[in-house]
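Taking it in order: structure first as structure tokens, then the write-up.
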Amino acid sequence: MIRMQNISFITEVSDIDCLLDNAPNMKLAHLIRCEELVKQGNRILTVGKDGREEIVQSIPGLKVRFLGQHALVKISVPAKFKDVVITVGENGYVSIEENVRLDLARFYLGAPNSTVRIGRDSIIRGMTVILSREPNLEVLIGKNALISVDVTMRSTDGHTIFALDNPGVPLNKPKFGIHIGSHVWIGMKTFFLKDAAVPKDCVVAAGSLVTRKTYEANSIIGGVPATTLRKGISWSGRTVESFTAAARREKQNKKLK
């Protein structure tokens, strides 16, 4: 284990989450990437609660494959991994914040200058992220995300669509990748296409196809393609029974006061 000295990240995590919460259709990766470290070669870097940074060769439950010569995988501890594989190409950057739990996940950053970020306190039960063929794209997920099994996020279409009367101009060029705001619950077997952006406090129904449409915060999103099914909602990770019991107790306590 090698200890890092005199090198630190300049990141404002809370600012990144605030930006993601509003589902911007612009690139944000430059705000979190540490290019100085990326240029130093392929590295797995852990960051402790005290800010101490260490280069490690491996992390239990996580397998990292480097395709190029310069890439960085940064893990803020504690974080838990189970059967997770991250494949990173040239100038790739992966940031996993503290208290993240990742199970059965596959991240493929084959295109140059690809970026993936998972916000703190997120739980991901099974997800595939694909950034291939097109460079300089990103998949950024805010804090407190809850993502179910068989969820796929793909930053590009993989091939080009063009108009016959203007064949030199692609119709499906991606702008940024995929953005997910804070406290978003994503149901199983959901598919995200290029430039999909979901704002904070949303629920994405199982089996949905999320595209570059505009959605509002505190909404239920669902369908193929996904549309807004209901507005003015939020959600809790508790079961309905547990949530109802807690609400009942809170109501009773207010009456006693």
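By order in the structure tokens, chains are A, B, ...; within a chain, residues start at 1; ligands start at 1, following the order shown.
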
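The environment of Asp157 of chain A within 10 Å, counting only C-alpha atoms and disregarding residues fewer than 4 places along the same chain, consists of A:Ser132, A:Arg133, A:Glu134, A:Ile161, A:Asn172, A:Lys173, A:Pro174, A:Leu193, A:Lys194.
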
Check which residues of segment 116-135 of chain A sit at most 9 Å from segment 86-96 of chain A using only C-alpha atoms, and return one row each with the closest pair of atoms and their distance in Å to one decimal, ordered by chain and rising number, as a Markdown table.
```
| residue | atom | partner | partner_atom | distance |
| --- | --- | --- | --- | --- |
| A:Val116 | CA | A:Val94 | CA | 4.8 |
| A:Arg117 | CA | A:Ser95 | CA | 4.7 |
| A:Ile118 | CA | A:Ile96 | CA | 4.9 |
| A:Gly119 | CA | A:Ile96 | CA | 6.6 |
| A:Arg120 | CA | A:Ile96 | CA | 7.4 |
```

Write out, as a PDB file, in the first residue's frame, the residues just selected, with N, CA, C and O atoms.
```pdb
ATOM      1  N   VAL A 116     -17.633   8.395 -14.603  1.00  0.00           N
ATOM      2  CA  VAL A 116     -18.762   7.868 -13.825  1.00  0.00           C
ATOM      3  C   VAL A 116     -18.617   8.360 -12.397  1.00  0.00           C
ATOM      4  O   VAL A 116     -17.525   8.301 -11.822  1.00  0.00           O
ATOM      5  N   ARG A 117     -19.713   8.824 -11.829  1.00  0.00           N
ATOM      6  CA  ARG A 117     -19.714   9.249 -10.425  1.00  0.00           C
ATOM      7  C   ARG A 117     -20.955   8.716  -9.741  1.00  0.00           C
ATOM      8  O   ARG A 117     -22.076   8.872 -10.244  1.00  0.00           O
ATOM      9  N   ILE A 118     -20.776   8.075  -8.553  1.00  0.00           N
ATOM     10  CA  ILE A 118     -21.882   7.588  -7.736  1.00  0.00           C
ATOM     11  C   ILE A 118     -21.870   8.372  -6.432  1.00  0.00           C
ATOM     12  O   ILE A 118     -20.885   8.340  -5.686  1.00  0.00           O
ATOM     13  N   GLY A 119     -22.965   9.075  -6.122  1.00  0.00           N
ATOM     14  CA  GLY A 119     -23.033   9.906  -4.929  1.00  0.00           C
ATOM     15  C   GLY A 119     -23.123   9.108  -3.640  1.00  0.00           C
ATOM     16  O   GLY A 119     -23.504   7.933  -3.640  1.00  0.00           O
ATOM     17  N   ARG A 120     -22.795   9.752  -2.553  1.00  0.00           N
ATOM     18  CA  ARG A 120     -22.725   9.096  -1.247  1.00  0.00           C
ATOM     19  C   ARG A 120     -24.091   8.522  -0.817  1.00  0.00           C
ATOM     20  O   ARG A 120     -25.144   8.984  -1.239  1.00  0.00           O
TER      21      ARG A 120
END
```

* To do: With a distance cut-off of 8 Å and only C-alpha atoms, select the neighbouring residues of Ala197 of chain A, excluding the residue or stretch itself and same-chain residues fewer than 2 positions from it, and output the selection as number ranges by chain.
  => A: 23-25, 178-181, 195, 199, 211-215

* Write out as an MDAnalysis selection string which residues come within 6 Å of Arg106 of chain A when counting only C-alpha atoms, dropping same-chain ones fewer than 2 positions away. => chainID A and resid 84:86 128

* Pick out the closest residue to Lys27 of chain A from this set: A:Leu171, A:Ala206, A:Ala163, A:Leu137. Count only C-alpha atoms. =>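 Ranking A:Leu171, A:Ala206, A:Ala163, A:Leu137 by distance to Lys27 of chain A, first place goes to A:Leu137.
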
* Given the choices A:Glu241, A:Leu67, A:Val73, A:Val149, which gets closest to Ala111 of chain A if the distance is worked out from only C-alpha atoms? ->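 Smallest distance to Ala111 of chain A is found for A:Leu67.
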
Under the rule of at most 8 Å, produce a per-residue listing of segment 106-225 of chain A near segment 29-45 of chain A: chain, number, name, the closest pair of atoms, and the distance in Å, as a Markdown table, using only C-alpha atoms.
```
| residue | atom | partner | partner_atom | distance |
| --- | --- | --- | --- | --- |
| A:Thr115 | CA | A:Ala29 | CA | 6.5 |
| A:Glu138 | CA | A:Ala29 | CA | 6.5 |
| A:Leu140 | CA | A:Ala29 | CA | 8.0 |
```

* Just the residues within 9 Å of Ile233 of chain A, please, counting only C-alpha atoms, with nothing from its chain fewer than 5 positions along; format it as a ChimeraX atom specification. => /A:201-203,217-220

* To do: Go through A:Val184, A:Phe192, A:Lys82, A:Val210 one by one, measure the shortest atom-to-atom distance of each to Ile130 of chain A using only C-alpha atoms, and give the residue with the smallest value.
  =>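 Residue with the minimum atom-to-atom distance to Ile130 of chain A: A:Phe192.
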
* **DSSP-assigned strand (DSSP E) among segment 4-155 of chain A, expressed as a PyMOL selection string** => chain A and resi 43-47+53-56+62-66+71-76+79-82+84-88+92-96+100-103+106-109+115-118+123-124+127-131+138-141+146-147+151-154

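Among the candidates A:Ala246, A:Ile16, A:Met26, A:Val151, the residue lying nearest to Ser208 of chain A is A:Val151 (atoms considered: only C-alpha atoms).
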